[in-house]
>>> print(open('work14.txt').read())   # compact mmCIF, N, CA and C atoms
# COMPACT_ATOMS: atom_id res chain seq x y z
N MET A 1 -67.84 70.06 156.47
CA MET A 1 -67.95 70.97 157.59
C MET A 1 -68.11 70.13 158.85
N VAL A 2 -67.58 70.66 159.93
CA VAL A 2 -67.69 70.01 161.23
C VAL A 2 -68.37 70.98 162.19
N TYR A 3 -69.35 70.49 162.91
CA TYR A 3 -69.91 71.27 164.00
C TYR A 3 -70.14 70.33 165.17
N GLY A 4 -70.23 70.90 166.35
CA GLY A 4 -70.32 70.04 167.51
C GLY A 4 -71.30 70.52 168.54
N TYR A 5 -71.57 69.62 169.44
CA TYR A 5 -72.44 69.86 170.58
C TYR A 5 -71.58 69.59 171.81
N SER A 6 -71.08 70.64 172.46
CA SER A 6 -70.08 70.45 173.51
C SER A 6 -70.67 70.06 174.86
N LYS A 7 -71.99 70.05 175.00
CA LYS A 7 -72.56 69.55 176.25
C LYS A 7 -72.36 68.04 176.33
N GLU A 8 -72.41 67.39 175.20
CA GLU A 8 -72.01 65.99 175.04
C GLU A 8 -70.79 66.06 174.13
N TYR A 9 -69.93 65.08 174.19
CA TYR A 9 -68.77 65.09 173.28
C TYR A 9 -69.25 64.51 171.96
N GLU A 10 -69.75 65.40 171.10
CA GLU A 10 -70.33 64.97 169.83
C GLU A 10 -69.94 65.94 168.72
N LEU A 11 -69.34 65.39 167.67
CA LEU A 11 -68.97 66.17 166.48
C LEU A 11 -69.75 65.62 165.30
N ASN A 12 -70.30 66.51 164.48
CA ASN A 12 -71.07 66.11 163.31
C ASN A 12 -70.34 66.57 162.06
N ILE A 13 -70.18 65.66 161.10
CA ILE A 13 -69.50 65.97 159.85
C ILE A 13 -70.56 65.93 158.76
N VAL A 14 -70.70 67.06 158.05
CA VAL A 14 -71.72 67.16 157.00
C VAL A 14 -71.05 67.51 155.68
N ASP A 15 -71.74 67.18 154.56
CA ASP A 15 -71.21 67.51 153.25
C ASP A 15 -71.65 68.93 152.86
N SER A 16 -71.30 69.35 151.65
CA SER A 16 -71.59 70.72 151.20
C SER A 16 -73.08 71.01 151.08
N GLU A 17 -73.91 69.97 151.08
CA GLU A 17 -75.36 70.18 151.01
C GLU A 17 -76.02 70.08 152.38
N GLY A 18 -75.20 69.89 153.42
CA GLY A 18 -75.73 69.82 154.77
C GLY A 18 -76.15 68.43 155.20
N LYS A 19 -75.89 67.41 154.38
CA LYS A 19 -76.26 66.04 154.71
C LYS A 19 -75.25 65.47 155.71
N LEU A 20 -75.76 64.89 156.79
CA LEU A 20 -74.89 64.30 157.80
C LEU A 20 -74.16 63.10 157.21
N LEU A 21 -72.83 63.15 157.21
CA LEU A 21 -72.02 62.04 156.72
C LEU A 21 -71.76 61.04 157.84
N PHE A 22 -71.33 61.54 159.00
CA PHE A 22 -71.15 60.69 160.17
C PHE A 22 -71.03 61.55 161.40
N ARG A 23 -71.09 60.89 162.54
CA ARG A 23 -71.04 61.57 163.84
C ARG A 23 -69.93 60.91 164.67
N ILE A 24 -69.16 61.75 165.35
CA ILE A 24 -68.13 61.26 166.27
C ILE A 24 -68.66 61.50 167.69
N LYS A 25 -68.71 60.43 168.46
CA LYS A 25 -69.07 60.55 169.88
C LYS A 25 -67.93 59.96 170.68
N LYS A 26 -67.45 60.73 171.65
CA LYS A 26 -66.34 60.27 172.49
C LYS A 26 -66.86 60.15 173.91
N GLU A 27 -66.70 58.98 174.49
CA GLU A 27 -67.14 58.75 175.86
C GLU A 27 -66.13 59.38 176.81
N GLU A 28 -66.58 60.34 177.58
CA GLU A 28 -65.73 61.06 178.53
C GLU A 28 -66.53 61.28 179.80
N PRO A 29 -65.87 61.28 180.96
CA PRO A 29 -66.59 61.60 182.20
C PRO A 29 -66.94 63.09 182.25
N TYR A 30 -68.09 63.38 182.81
CA TYR A 30 -68.50 64.76 182.97
C TYR A 30 -67.63 65.45 184.02
N GLN A 31 -67.45 66.76 183.86
CA GLN A 31 -66.72 67.55 184.83
C GLN A 31 -67.66 68.63 185.36
N ASN A 32 -67.74 68.73 186.66
CA ASN A 32 -68.61 69.73 187.29
C ASN A 32 -67.84 71.02 187.54
N PHE A 33 -68.57 72.11 187.62
CA PHE A 33 -67.97 73.38 188.00
C PHE A 33 -67.65 73.35 189.48
N SER A 34 -66.49 73.88 189.84
CA SER A 34 -66.10 73.92 191.25
C SER A 34 -66.85 75.06 191.94
N ALA A 35 -66.86 75.02 193.25
CA ALA A 35 -67.48 76.10 194.03
C ALA A 35 -66.77 77.42 193.74
N GLU A 36 -65.44 77.38 193.57
CA GLU A 36 -64.66 78.59 193.27
C GLU A 36 -65.07 79.17 191.91
N GLU A 37 -65.23 78.31 190.90
CA GLU A 37 -65.66 78.78 189.57
C GLU A 37 -67.05 79.41 189.64
N LYS A 38 -67.94 78.79 190.38
CA LYS A 38 -69.29 79.34 190.51
C LYS A 38 -69.27 80.68 191.24
N ARG A 39 -68.41 80.78 192.27
CA ARG A 39 -68.31 82.04 193.02
C ARG A 39 -67.80 83.15 192.11
N LYS A 40 -66.74 82.85 191.34
CA LYS A 40 -66.17 83.85 190.43
C LYS A 40 -67.11 84.18 189.28
N GLY A 41 -67.99 83.25 188.93
CA GLY A 41 -68.90 83.45 187.81
C GLY A 41 -70.11 84.32 188.15
N GLY A 42 -70.27 84.64 189.39
CA GLY A 42 -71.38 85.49 189.78
C GLY A 42 -72.65 84.70 190.05
N LYS A 43 -73.76 85.40 189.97
CA LYS A 43 -75.03 84.80 190.35
C LYS A 43 -75.74 84.14 189.18
N GLY A 44 -75.09 84.10 188.01
CA GLY A 44 -75.72 83.48 186.86
C GLY A 44 -75.92 81.99 187.05
N LYS A 45 -76.78 81.42 186.24
CA LYS A 45 -77.05 79.98 186.32
C LYS A 45 -76.00 79.22 185.52
N PHE A 46 -75.45 78.19 186.12
CA PHE A 46 -74.44 77.37 185.47
C PHE A 46 -75.10 76.12 184.91
N PRO A 47 -74.59 75.62 183.79
CA PRO A 47 -75.11 74.34 183.31
C PRO A 47 -74.73 73.23 184.29
N GLU A 48 -75.36 72.09 184.13
CA GLU A 48 -75.10 70.98 185.05
C GLU A 48 -73.64 70.54 185.00
N HIS A 49 -73.05 70.51 183.79
CA HIS A 49 -71.66 70.08 183.62
C HIS A 49 -70.92 71.09 182.74
N LYS A 50 -69.58 71.03 182.80
CA LYS A 50 -68.77 71.86 181.92
C LYS A 50 -68.86 71.33 180.49
N PRO A 51 -68.77 72.23 179.50
CA PRO A 51 -68.71 71.75 178.11
C PRO A 51 -67.41 70.96 177.89
N PHE A 52 -67.45 70.00 176.99
CA PHE A 52 -66.28 69.16 176.75
C PHE A 52 -65.22 69.86 175.91
N PHE A 53 -65.64 70.65 174.93
CA PHE A 53 -64.64 71.28 174.08
C PHE A 53 -64.98 72.74 173.86
N TYR A 54 -63.93 73.49 173.50
CA TYR A 54 -64.00 74.95 173.35
C TYR A 54 -64.16 75.35 171.88
N SER A 55 -63.43 74.67 171.00
CA SER A 55 -63.52 74.99 169.58
C SER A 55 -63.16 73.76 168.76
N ILE A 56 -63.55 73.78 167.50
CA ILE A 56 -63.20 72.71 166.57
C ILE A 56 -62.80 73.32 165.23
N PHE A 57 -61.84 72.68 164.56
CA PHE A 57 -61.45 73.11 163.23
C PHE A 57 -60.74 71.95 162.54
N THR A 58 -60.46 72.09 161.26
CA THR A 58 -59.75 71.06 160.51
C THR A 58 -58.46 71.63 159.95
N ASP A 59 -57.51 70.75 159.65
CA ASP A 59 -56.29 71.20 159.00
C ASP A 59 -56.36 70.88 157.51
N SER A 60 -55.30 71.19 156.79
CA SER A 60 -55.29 71.02 155.33
C SER A 60 -55.27 69.55 154.92
N GLN A 61 -55.05 68.62 155.84
CA GLN A 61 -55.11 67.19 155.56
C GLN A 61 -56.45 66.58 155.94
N GLY A 62 -57.37 67.41 156.43
CA GLY A 62 -58.69 66.93 156.80
C GLY A 62 -58.81 66.43 158.23
N ARG A 63 -57.71 66.46 159.00
CA ARG A 63 -57.79 66.05 160.39
C ARG A 63 -58.66 67.04 161.17
N ILE A 64 -59.36 66.53 162.14
CA ILE A 64 -60.30 67.33 162.94
C ILE A 64 -59.69 67.54 164.32
N TYR A 65 -59.64 68.80 164.76
CA TYR A 65 -59.08 69.18 166.05
C TYR A 65 -60.21 69.68 166.95
N ALA A 66 -60.36 69.05 168.11
CA ALA A 66 -61.33 69.50 169.11
C ALA A 66 -60.53 70.01 170.30
N GLN A 67 -60.61 71.32 170.56
CA GLN A 67 -59.88 71.90 171.69
C GLN A 67 -60.66 71.64 172.96
N ARG A 68 -60.05 70.88 173.86
CA ARG A 68 -60.68 70.51 175.12
C ARG A 68 -60.72 71.70 176.07
N ASN A 69 -61.77 71.77 176.87
CA ASN A 69 -61.80 72.76 177.95
C ASN A 69 -60.88 72.25 179.06
N ASN A 70 -60.15 73.16 179.65
CA ASN A 70 -59.23 72.81 180.73
C ASN A 70 -60.06 72.46 181.96
N PRO A 71 -59.85 71.25 182.54
CA PRO A 71 -60.62 70.88 183.72
C PRO A 71 -60.37 71.77 184.93
N ASP A 72 -59.18 72.38 185.00
CA ASP A 72 -58.86 73.27 186.11
C ASP A 72 -58.40 74.62 185.55
N PRO A 73 -59.33 75.58 185.40
CA PRO A 73 -58.97 76.86 184.79
C PRO A 73 -58.00 77.70 185.60
N THR A 74 -57.76 77.32 186.85
CA THR A 74 -56.80 78.09 187.66
C THR A 74 -55.37 77.69 187.33
N GLU A 75 -55.19 76.58 186.62
CA GLU A 75 -53.85 76.10 186.28
C GLU A 75 -53.68 76.16 184.76
N TYR A 76 -52.65 76.87 184.30
CA TYR A 76 -52.40 76.95 182.87
C TYR A 76 -51.57 75.74 182.43
N VAL A 77 -52.13 74.95 181.53
CA VAL A 77 -51.43 73.76 181.03
C VAL A 77 -51.35 73.76 179.51
N GLY A 78 -51.60 74.89 178.89
CA GLY A 78 -51.65 74.94 177.43
C GLY A 78 -53.03 74.55 176.94
N ARG A 79 -53.15 74.46 175.65
CA ARG A 79 -54.43 74.10 175.04
C ARG A 79 -54.34 72.65 174.57
N THR A 80 -55.23 71.83 175.06
CA THR A 80 -55.22 70.41 174.74
C THR A 80 -56.22 70.13 173.63
N PHE A 81 -55.78 69.32 172.67
CA PHE A 81 -56.61 68.98 171.52
C PHE A 81 -56.73 67.47 171.37
N ASP A 82 -57.92 67.01 171.04
CA ASP A 82 -58.12 65.66 170.56
C ASP A 82 -58.10 65.77 169.04
N ILE A 83 -57.34 64.88 168.39
CA ILE A 83 -57.21 64.93 166.94
C ILE A 83 -57.80 63.66 166.34
N PHE A 84 -58.69 63.83 165.37
CA PHE A 84 -59.33 62.72 164.67
C PHE A 84 -58.96 62.81 163.19
N ASN A 85 -58.94 61.68 162.49
CA ASN A 85 -58.72 61.77 161.05
C ASN A 85 -60.03 62.17 160.37
N LYS A 86 -59.98 62.38 159.07
CA LYS A 86 -61.16 62.88 158.35
C LYS A 86 -62.31 61.88 158.32
N ASP A 87 -62.03 60.63 158.69
CA ASP A 87 -63.08 59.61 158.77
C ASP A 87 -63.63 59.45 160.19
N GLY A 88 -63.11 60.25 161.12
CA GLY A 88 -63.64 60.25 162.48
C GLY A 88 -62.92 59.34 163.46
N TYR A 89 -61.81 58.72 163.06
CA TYR A 89 -61.05 57.88 163.98
C TYR A 89 -60.13 58.73 164.85
N TYR A 90 -60.15 58.44 166.16
CA TYR A 90 -59.30 59.16 167.09
C TYR A 90 -57.84 58.82 166.81
N LEU A 91 -56.99 59.85 166.68
CA LEU A 91 -55.57 59.66 166.40
C LEU A 91 -54.68 60.01 167.59
N TYR A 92 -54.83 61.21 168.11
CA TYR A 92 -53.89 61.73 169.10
C TYR A 92 -54.58 62.67 170.08
N LYS A 93 -53.84 62.90 171.17
CA LYS A 93 -54.11 64.01 172.08
C LYS A 93 -52.82 64.81 172.11
N THR A 94 -52.90 66.12 171.97
CA THR A 94 -51.70 66.96 171.99
C THR A 94 -52.00 68.26 172.71
N THR A 95 -50.94 68.93 173.12
CA THR A 95 -51.07 70.22 173.81
C THR A 95 -50.25 71.26 173.06
N CYS A 96 -50.83 72.44 172.88
CA CYS A 96 -50.16 73.56 172.21
C CYS A 96 -50.11 74.75 173.17
N PRO A 97 -49.01 75.50 173.18
CA PRO A 97 -48.93 76.65 174.08
C PRO A 97 -49.77 77.83 173.60
N LEU A 98 -50.06 77.89 172.30
CA LEU A 98 -50.84 78.98 171.71
C LEU A 98 -52.09 78.43 171.06
N HIS A 99 -53.07 79.30 170.84
CA HIS A 99 -54.29 78.88 170.15
C HIS A 99 -54.08 78.91 168.64
N PRO A 100 -54.17 77.77 167.96
CA PRO A 100 -54.04 77.80 166.51
C PRO A 100 -55.34 78.27 165.87
N TYR A 101 -55.22 79.12 164.87
CA TYR A 101 -56.39 79.54 164.11
C TYR A 101 -56.46 78.78 162.80
N VAL A 102 -55.30 78.42 162.27
CA VAL A 102 -55.22 77.66 161.03
C VAL A 102 -54.00 76.74 161.12
N ILE A 103 -54.15 75.52 160.64
CA ILE A 103 -53.01 74.60 160.46
C ILE A 103 -53.08 74.17 159.01
N LYS A 104 -52.05 74.58 158.25
CA LYS A 104 -52.08 74.33 156.81
C LYS A 104 -50.69 74.04 156.28
N ASN A 105 -50.58 72.94 155.54
CA ASN A 105 -49.36 72.57 154.84
C ASN A 105 -48.11 72.64 155.71
N GLY A 106 -48.22 72.15 156.94
CA GLY A 106 -47.06 72.09 157.81
C GLY A 106 -46.80 73.34 158.62
N PHE A 107 -47.72 74.28 158.62
CA PHE A 107 -47.55 75.51 159.39
C PHE A 107 -48.75 75.74 160.32
N PHE A 108 -48.43 76.30 161.46
CA PHE A 108 -49.38 76.59 162.53
C PHE A 108 -49.50 78.11 162.58
N TYR A 109 -50.69 78.65 162.38
CA TYR A 109 -50.91 80.10 162.39
C TYR A 109 -51.70 80.50 163.62
N THR A 110 -51.23 81.54 164.28
CA THR A 110 -51.92 82.05 165.45
C THR A 110 -51.86 83.58 165.41
N GLN A 111 -52.50 84.22 166.35
CA GLN A 111 -52.41 85.68 166.44
C GLN A 111 -51.90 86.07 167.81
N VAL A 112 -51.14 87.14 167.83
CA VAL A 112 -50.58 87.68 169.06
C VAL A 112 -50.95 89.15 169.11
N VAL A 113 -51.47 89.59 170.24
CA VAL A 113 -51.86 90.99 170.41
C VAL A 113 -50.83 91.69 171.28
N ASN A 114 -50.32 92.83 170.80
CA ASN A 114 -49.41 93.66 171.57
C ASN A 114 -50.25 94.39 172.62
N ASP A 115 -50.00 94.09 173.89
CA ASP A 115 -50.80 94.67 174.97
C ASP A 115 -50.66 96.19 175.05
N ASP A 116 -49.51 96.73 174.64
CA ASP A 116 -49.29 98.17 174.73
C ASP A 116 -49.99 98.93 173.62
N THR A 117 -49.93 98.43 172.39
CA THR A 117 -50.47 99.17 171.25
C THR A 117 -51.80 98.64 170.75
N GLY A 118 -52.15 97.40 171.14
CA GLY A 118 -53.39 96.79 170.64
C GLY A 118 -53.24 96.20 169.25
N GLU A 119 -52.05 96.29 168.66
CA GLU A 119 -51.83 95.73 167.33
C GLU A 119 -51.93 94.21 167.38
N VAL A 120 -52.49 93.64 166.31
CA VAL A 120 -52.63 92.20 166.19
C VAL A 120 -51.66 91.71 165.12
N PHE A 121 -50.89 90.70 165.47
CA PHE A 121 -49.92 90.13 164.55
C PHE A 121 -50.27 88.67 164.29
N VAL A 122 -50.12 88.24 163.05
CA VAL A 122 -50.27 86.83 162.72
C VAL A 122 -48.88 86.22 162.79
N LYS A 123 -48.77 85.14 163.54
CA LYS A 123 -47.49 84.44 163.66
C LYS A 123 -47.63 83.07 163.02
N ARG A 124 -46.58 82.66 162.33
CA ARG A 124 -46.56 81.36 161.67
C ARG A 124 -45.40 80.55 162.23
N PHE A 125 -45.70 79.31 162.60
CA PHE A 125 -44.70 78.40 163.12
C PHE A 125 -44.67 77.16 162.23
N LYS A 126 -43.48 76.64 161.99
CA LYS A 126 -43.33 75.42 161.21
C LYS A 126 -43.53 74.22 162.13
N ILE A 127 -44.31 73.24 161.68
CA ILE A 127 -44.50 72.01 162.41
C ILE A 127 -43.45 71.03 161.91
N LYS A 128 -42.46 70.76 162.74
CA LYS A 128 -41.30 69.98 162.31
C LYS A 128 -41.66 68.55 161.91
N ASN A 129 -42.61 67.93 162.57
CA ASN A 129 -42.95 66.54 162.27
C ASN A 129 -44.22 66.41 161.42
N TRP A 130 -44.53 67.41 160.62
CA TRP A 130 -45.76 67.43 159.82
C TRP A 130 -45.93 66.17 159.00
N ASP A 131 -44.87 65.71 158.34
CA ASP A 131 -44.97 64.54 157.48
C ASP A 131 -45.09 63.24 158.26
N GLU A 132 -44.85 63.28 159.56
CA GLU A 132 -44.94 62.09 160.39
C GLU A 132 -46.30 61.96 161.07
N ILE A 133 -47.12 63.01 161.04
CA ILE A 133 -48.42 62.98 161.70
C ILE A 133 -49.36 62.13 160.86
N ARG A 134 -49.95 61.15 161.51
CA ARG A 134 -50.83 60.22 160.78
C ARG A 134 -52.08 60.94 160.28
N THR A 135 -52.60 60.43 159.17
CA THR A 135 -53.88 60.92 158.64
C THR A 135 -54.92 59.81 158.66
N GLY A 136 -54.50 58.60 158.96
CA GLY A 136 -55.42 57.46 159.00
C GLY A 136 -55.00 56.48 160.07
N ILE A 137 -55.75 55.41 160.16
CA ILE A 137 -55.39 54.36 161.12
C ILE A 137 -54.57 53.32 160.37
N GLN A 138 -53.57 52.78 161.03
CA GLN A 138 -52.71 51.79 160.38
C GLN A 138 -52.83 50.45 161.05
>>> encode(input="work14.txt", output="structure tokens")
Amino acid sequence: MVYGYSKEYELNIVDSEGKLLFRIKKEEPYQNFSAEEKRKGGKGKFPEHKPFFYSIFTDSQGRIYAQRNNPDPTEYVGRTFDIFNKDGYYLYKTTCPLHPYVIKNGFFYTQVVNDDTGEVFVKRFKIKNWDEIRTGIQ
């Protein structure tokens, strides 16, 4: 299992009994909330810095995906992910146009909501270079 602390860039990998196996810490500069973000956010209290990541999950090969928070929420640039292998080594940074909910055996699964009817559809996309994506360091 992987869980994280997004105030610091820290991911914790634990076994089935909850024992910490290792921790991934990535050195990244802090990002502050802009005056515009604070204005739009209302009168609530903001943390000192933006969280580093939005979500984390693993694929069927054990790679760990940390979805980065967009530094500029006014600009849509897709969803950026840092990808680590199952031993915690950083492999890649990639961007996806949709939010993946599951990545399994070469397929990317997401959901799409029909704005008119409210129906939710699961969409599956084939990852063409699945066999070329590294799982370890070489």
>>> atom_distance(input="work14.txt", atom1="atom CA of A:Ser55", atom2="atom CA of A:Gln67")
5.2 Å
>>> closest_residue(input="work14.txt", among="A:Phe22, A:Tyr30, A:Tyr3, A:Tyr90", to="A:Ile56", atoms="only N, CA and C atoms")
A:Tyr3
>>> atom_distance(input="work14.txt", atom1="atom N of A:Gln111", atom2="atom N of A:Lys123")
4.8 Å
>>> closest_residue(input="work14.txt", among="A:Lys19, A:His49, A:Ser60, A:Leu98", to="A:Phe33", atoms="all atoms listed in the file")
A:His49
>>> closest_residue(input="work14.txt", among="A:Arg134, A:Asp59, A:Gly78, A:Leu11", to="A:His99", atoms="all atoms listed in the file")
A:Gly78
>>> atom_distance(input="work14.txt", atom1="atom N of A:Arg63", atom2="atom N of A:Gly136")
8.5 Å
>>> residues_around(input="work14.txt", residues="A:Phe52", least_positions_apart="5", cutoff="7 Å", atoms="all atoms listed in the file", output="ChimeraX atom specification")
/A:5-9,67-69
>>> select_by_dssp(input="work14.txt", residues="chain A", states="strand (DSSP E or B)", output="ChimeraX atom specification")
/A:2-5,10-14,20-25,53-58,64-68,79-84,90-96,102-104,107-113,120-126
>>> closest_residue(input="work14.txt", among="A:Val120, A:Phe125, A:Lys93, A:Gly41", to="A:Phe108", atoms="all atoms listed in the file")
A:Phe125
>>> select_by_dssp(input="work14.txt", residues="chain A", states="helix (DSSP H, G or I)", output="PyMOL selection string")
chain A and resi 35-40+130-132
>>> closest_residue(input="work14.txt", among="A:Lys86, A:Met1, A:Phe46, A:Val113", to="A:Gly18", atoms="only N, CA and C atoms")
A:Met1
>>> residues_around(input="work14.txt", residues="A:Tyr92", least_positions_apart="4", cutoff="8 Å", atoms="only C-alpha atoms", output="VMD selection string")
chain A and resid 82 to 84
>>> closest_residue(input="work14.txt", among="A:Thr94, A:Ser16, A:Thr110, A:Gln61", to="A:Val122", atoms="only C-alpha atoms")
A:Thr110
>>> residues_around(input="work14.txt", residues="A:Cys96", least_positions_apart="6", cutoff="8 Å", atoms="only N, CA and C atoms", output="list in words")
Val77, Gly78, Arg79, Thr80 and Phe81 of chain A
